[in-house]
Amino acid sequence: MTQTVGTIPIASLAKEKRGHFKVGLPCPRGMWPAVTQLRLAANGILLPDAFIKTSQLWPDGSIKWLLCEGLIDLQHHTASDEIVITLDIVDSISPSKTLSSPVSNTDEGLLLSLDKDKTLSINKTKPFEFAIGTHIFSSIDIVDVNAQSVTPIAFSYALHCYNEEYSALTVEQKYEINLSSDKKLIVQAEASIFLSTGTICGHVTLLNPSAASHPNGQWDLGDPNSIFLKECCISLTGRSLESTLKLNSEVFSSSEHAELTLHQASSGFGNWQSPVHVNKDNVNSLPFRGFKLYQPDRLLFSGDQAQPQFSISDGGSTFSIQVEKFWQNFPSSAHLTADRLSVSLLGSRHSECNELQPGEQKTRCISIAPFEVQSLQVVIDSAWLKKASVLPFLPSNLCKFDSLIKKGIEGPSSFYQKRLDIDEFGWRHFGELYADHEKALAPDEPFFVSHYNNQYDPIFGMLTQWLLSADARWFELADDLAKHVADIDVYHTSDDKPEYSGGLFWHTDHYVQAYTASHRTYSKHQPTGVYDDHAGGGGPGGQHCYTNGLTLHYLLTGYTPSRDAALSITQWVTNYYEGDGTFVGALLAIRNSDIPGVKNVKTDKYPLDRGTGNYLQARLDRYELQGCDSDIQAASYIIEHTVSPTDDLDQLQLDNVEATWFYTVFLQAVCRFISLKEQRDECDSSYQYAVDSLTHYANWMAMNEYAYLDKPDILEFPNQTWSGQDLRKLCVLHFASNYLTEKQRKLAEEKAEQLAEAIYQRLDTSIETSTTRVLCLMMQNAHYSGYKQAARPLLSTSTQKRQALTEKSSSLSFLLSQLIDLSPSRERKQLVKRFPQLQKWLGKP
């Protein structure tokens, strides 16, 4: 049976081009076994240049998520404004035919046989190095840096059979490039190659894997372990070639101009000199506004935002190369000569050096094809999404707060306008959200640079809005942000201490500007004592951990840097709460046991706060990505060692709002755990314990909770952020009401209704509602009706109740448990990570 799964709007696209799509499609539980062969059609026309692979399974072994990728010739669909995408089963009556592999595999590389006797080869020893036929070659080049060596770390490929033919090959590569005696650059590449035409669609990631020095917990530009690069580019080379540039409707070629250079030096907008772009010297040194196109001796053309299209021809064949979002990721360059076309991936040889900070990476999406390629976005069919039921808390319709949330994409305070306000563009900043709410204490500053770093998971909120509304603007924002967070806001190193390595950096410190800290919270230029308990230094911390959006972005797009970032954050936050397994780490954990916000290893108890809630969410996200039951078991353990059905809630002082407001963040995570257990049909003791604990707290909430701004005198900053946090109460009450007695349910629903009205009235009449933080809280939590419909209570067959845990742990038993797998080598390695000053005697990690 043919299933309509999505549509592609094409009214605004260039019909003469080919479109490339890559989309994750959810599937209903039990519909298709994992071995099912499926095929895609566009407006009823079978797609030949495509492939489908299963990315996730339901617990019963049926397909949960598919990853579909392919090319569409848009000229075949000029009569419609959208393309309807359908899935159906390959109905093969005859035995499957034996296919001859199109791949010849040697130690040096792969040779692919394409249609019409053409070939494409892949070099295994260097990243993204292809030979298209015998005339055109691609490579990754670093300008003005002589690499001492290029060492392959990993290489793998997979052939994809589609409609009983080999249709595509995917390849993954990883290399270490030694730049000097103590600096190295990791280059990772992924690509899909369609065998009919040799079209290459993929991405390249450039990573500085070193740890930062962060003196005094401050993370300024100019770190001694930074890598300074003029330009890293992708080049197409050959003999007797002609390079062509289409630039904003103008056409320039190397046959008419022996040498051409395009240089995008800044965003081209009015605020291009914003301090968001300061270098290590705290100076904005961007040379000019917008772009320039010139020959060696004269300027040909200039403007604001260059949107170039590049192609190169050997007389018989023409190939187009596209590097996604050229001007947005400035400084960018392109260089065209008779035998070479180079397009930058990071930096420009005509700008000052770019500082790739320790643990920082940059990913660029690339296509090389015998035609122009544009990206297509598949909008998942709403009926199909509802039928699939993969997102239990996604409501059926937009919520009451939607008109307020829509300010994020329309009007003078939209996220698009906020980008312009401080010029949040450039390779490090593009996609980030401007934390404009932090300007509250300095309203007259012309530029107040503060980066949001994904607090309250706007990636997840924006994707939710996109799935509900099909408005492409929400997906564009989410996609830009996910790519930024995965590259810049995650600390991509394993050489720092475990509490930092792989973690998510906090947003810019409250009420101060970023200065030279960029996206890394604390700067030496920031004032001290700005607010109560102002730290002024530190690093990634468990209270700032968001994986839901990155996980969903990967499932919807197949973009592996988002998956890798979510897994990295999860491992980091696990280390944060559980330790690194070393004796040194255990001693530190005992010393820190009484510090708020960390696990007390003496009692084996986790703090009831947002950090533990985010940790619980991260373990559940890792289960979604990897399907390991150990994460479900860990989630159960976290719940049982954080809350209890017999907790004395008066003793917990939940009315001390400043100290305890985030208990609802944890309860939201408990709701998700319960929903997941219901998806798995597991009505066991851990399920019952979670339900009993949730209802215990929900009953207290129904009797005692109120809208926080009803009591502004007890709040340090009584602003509308508190109204945004109030929305969490509605989520918990709506979900928990499904497990209460009739009398309790009525009280919970009445409380939720009262709170909803008070929250809406405050947000509807406040100018703060359009600030970034409040918008993100609404996007994340305003769809509370989804919590009401998500619950599927299971009837327990056990007559035994899970009893509350008693405190059995001790410092001695905890230390002894760490001695079981003691490794002197590992102890040394973790010791020098925590205390870099010891590296002088004990060596580097």
# chains A, B, ... in the order shown; residues from 1 in each chain; ligands from 1
$ residues_around --residues "range 252-264 of chain A" --least-positions-apart "4" --cutoff "8 Å" --atoms "only C-alpha atoms" --output "list in words"
Glu242, Ser243, Thr244, Leu245, Lys246, Leu247, Gly290, Phe291, Lys292, Leu293, Tyr294, Gln295, Pro296, Gln305, Ala306, Trp327, Phe330, Pro331, Ser332, Ser333, Ala334, His335, Leu336, Thr337, Ala338, Ser348 and His350 of chain A
$ residues_around --residues "His534 in chain A" --least-positions-apart "5" --cutoff "9 Å" --atoms "only C-alpha atoms" --output "PDB file with N, CA, C and O atoms, in the first residue's frame"
ATOM      1  N   HIS A 510      25.632  35.958  32.638  1.00  0.00           N
ATOM      2  CA  HIS A 510      24.475  36.850  32.794  1.00  0.00           C
ATOM      3  C   HIS A 510      24.876  38.319  32.916  1.00  0.00           C
ATOM      4  O   HIS A 510      25.794  38.680  33.658  1.00  0.00           O
ATOM      5  N   THR A 528      33.392  41.775  37.521  1.00  0.00           N
ATOM      6  CA  THR A 528      33.099  40.772  38.541  1.00  0.00           C
ATOM      7  C   THR A 528      31.985  41.274  39.454  1.00  0.00           C
ATOM      8  O   THR A 528      31.663  42.456  39.481  1.00  0.00           O
ATOM      9  N   GLY A 529      31.413  40.335  40.220  1.00  0.00           N
ATOM     10  CA  GLY A 529      30.388  40.703  41.187  1.00  0.00           C
ATOM     11  C   GLY A 529      29.150  41.298  40.569  1.00  0.00           C
ATOM     12  O   GLY A 529      28.512  42.187  41.160  1.00  0.00           O
TER      13      GLY A 529
END
$ residues_around --residues "range 232-239 of chain A" --least-positions-apart "6" --cutoff "7 Å" --atoms "only C-alpha atoms" --output "count of residues only"
18
$ residues_around --residues "range 552-565 of chain A" --least-positions-apart "2" --cutoff "10 Å" --atoms "only C-alpha atoms" --output "PyMOL selection string"
chain A and resi 21-26+55-56+65-69+190+202-203+205+363+377-378+380+391+459-460+463-464+475+478-479+482-487+489-492+502-504+547-550+567-571+621-622+624-625
$ closest_residue --among "A:Ser382, A:Thr199, A:Gln830, A:Thr695" --to "Glu499 in chain A" --atoms "only C-alpha atoms"
A:Gln830
$ closest_residue --among "A:Phe310, A:Tyr637, A:Phe128, A:Phe662" --to "Ser685 in chain A" --atoms "only C-alpha atoms"
A:Tyr637
$ atom_distance --atom1 "CA of Ser770 in chain A" --atom2 "CA of Asn284 in chain A"
28.9 Å
$ residues_around --residues "Leu654 in chain A" --least-positions-apart "3" --cutoff "10 Å" --atoms "only C-alpha atoms" --output "PDB file with N, CA, C and O atoms, in the first residue's frame"
ATOM      1  N   LEU A 649       7.638  16.696  51.264  1.00  0.00           N
ATOM      2  CA  LEU A 649       7.782  17.858  50.390  1.00  0.00           C
ATOM      3  C   LEU A 649       7.864  19.163  51.154  1.00  0.00           C
ATOM      4  O   LEU A 649       8.407  20.143  50.645  1.00  0.00           O
ATOM      5  N   ASP A 650       7.352  19.177  52.357  1.00  0.00           N
ATOM      6  CA  ASP A 650       7.536  20.373  53.180  1.00  0.00           C
ATOM      7  C   ASP A 650       9.006  20.529  53.558  1.00  0.00           C
ATOM      8  O   ASP A 650       9.553  21.635  53.572  1.00  0.00           O
ATOM      9  N   GLN A 651       9.668  19.397  53.838  1.00  0.00           N
ATOM     10  CA  GLN A 651      11.081  19.438  54.193  1.00  0.00           C
ATOM     11  C   GLN A 651      11.939  19.877  53.010  1.00  0.00           C
ATOM     12  O   GLN A 651      12.976  20.506  53.182  1.00  0.00           O
ATOM     13  N   VAL A 657      11.394  29.367  46.128  1.00  0.00           N
ATOM     14  CA  VAL A 657      11.380  29.319  44.670  1.00  0.00           C
ATOM     15  C   VAL A 657      12.762  29.484  44.064  1.00  0.00           C
ATOM     16  O   VAL A 657      13.153  28.732  43.157  1.00  0.00           O
ATOM     17  N   GLU A 658      13.529  30.450  44.525  1.00  0.00           N
ATOM     18  CA  GLU A 658      14.844  30.698  43.935  1.00  0.00           C
ATOM     19  C   GLU A 658      15.749  29.470  44.015  1.00  0.00           C
ATOM     20  O   GLU A 658      16.590  29.242  43.157  1.00  0.00           O
ATOM     21  N   ALA A 659      15.558  28.656  45.049  1.00  0.00           N
ATOM     22  CA  ALA A 659      16.433  27.499  45.265  1.00  0.00           C
ATOM     23  C   ALA A 659      15.876  26.204  44.684  1.00  0.00           C
ATOM     24  O   ALA A 659      16.627  25.246  44.490  1.00  0.00           O
ATOM     25  N   THR A 660      14.567  26.170  44.373  1.00  0.00           N
ATOM     26  CA  THR A 660      13.972  24.869  44.005  1.00  0.00           C
ATOM     27  C   THR A 660      13.099  24.898  42.756  1.00  0.00           C
ATOM     28  O   THR A 660      12.518  23.877  42.394  1.00  0.00           O
ATOM     29  N   TRP A 661      13.013  26.034  42.039  1.00  0.00           N
ATOM     30  CA  TRP A 661      12.063  26.126  40.922  1.00  0.00           C
ATOM     31  C   TRP A 661      12.255  25.027  39.893  1.00  0.00           C
ATOM     32  O   TRP A 661      11.297  24.598  39.227  1.00  0.00           O
ATOM     33  N   PHE A 662      13.493  24.545  39.751  1.00  0.00           N
ATOM     34  CA  PHE A 662      13.796  23.622  38.668  1.00  0.00           C
ATOM     35  C   PHE A 662      13.390  22.175  38.951  1.00  0.00           C
ATOM     36  O   PHE A 662      13.715  21.284  38.168  1.00  0.00           O
ATOM     37  N   TYR A 663      12.667  21.922  40.069  1.00  0.00           N
ATOM     38  CA  TYR A 663      12.204  20.558  40.310  1.00  0.00           C
ATOM     39  C   TYR A 663      11.267  20.096  39.196  1.00  0.00           C
ATOM     40  O   TYR A 663      11.184  18.896  38.890  1.00  0.00           O
ATOM     41  N   TRP A 700       0.904  17.438  45.363  1.00  0.00           N
ATOM     42  CA  TRP A 700       1.359  18.626  46.113  1.00  0.00           C
ATOM     43  C   TRP A 700       1.214  19.871  45.240  1.00  0.00           C
ATOM     44  O   TRP A 700       0.775  20.928  45.720  1.00  0.00           O
ATOM     45  N   MET A 701       1.577  19.762  43.973  1.00  0.00           N
ATOM     46  CA  MET A 701       1.474  20.906  43.065  1.00  0.00           C
ATOM     47  C   MET A 701       0.030  21.379  42.940  1.00  0.00           C
ATOM     48  O   MET A 701      -0.246  22.587  42.931  1.00  0.00           O
ATOM     49  N   ASN A 704      -0.647  23.359  46.103  1.00  0.00           N
ATOM     50  CA  ASN A 704       0.229  24.419  46.602  1.00  0.00           C
ATOM     51  C   ASN A 704       0.823  25.342  45.549  1.00  0.00           C
ATOM     52  O   ASN A 704       1.259  26.453  45.887  1.00  0.00           O
ATOM     53  N   GLU A 705       0.908  24.921  44.293  1.00  0.00           N
ATOM     54  CA  GLU A 705       1.598  25.733  43.301  1.00  0.00           C
ATOM     55  C   GLU A 705       0.794  26.971  42.915  1.00  0.00           C
ATOM     56  O   GLU A 705      -0.428  27.018  43.059  1.00  0.00           O
TER      57      GLU A 705
END
$ atom_distance --atom1 "CA of Lys124 in chain A" --atom2 "CA of Gln173 in chain A"
7.9 Å
$ select_by_dssp --residues "range 23-73 of chain A" --states "strand (DSSP E or B)" --output "PyMOL selection string"
chain A and resi 23-26+33+38-42+45-46+50-57+62-73
$ atom_distance --atom1 "CA of Pro540 in chain A" --atom2 "CA of Thr516 in chain A"
17.4 Å
$ residues_around --residues "Arg428 in chain A" --least-positions-apart "5" --cutoff "8 Å" --atoms "only C-alpha atoms" --output "JSON list (two decimals) with C-alpha atoms, in the first residue's frame"
[["chain", "number", "residue", "atom", "x", "y", "z"],
["A", 329, "ASN", "CA", 30.02, 31.96, 6.98],
["A", 362, "LYS", "CA", 33.58, 23.84, 11.68],
["A", 484, "HIS", "CA", 26.23, 26.00, 15.06],
["A", 488, "ILE", "CA", 30.96, 25.70, 18.24]]
$ closest_residue --among "A:Met462, A:Val251, A:Val832, A:Ala440" --to "Tyr511 in chain A" --atoms "only C-alpha atoms"
A:Ala440
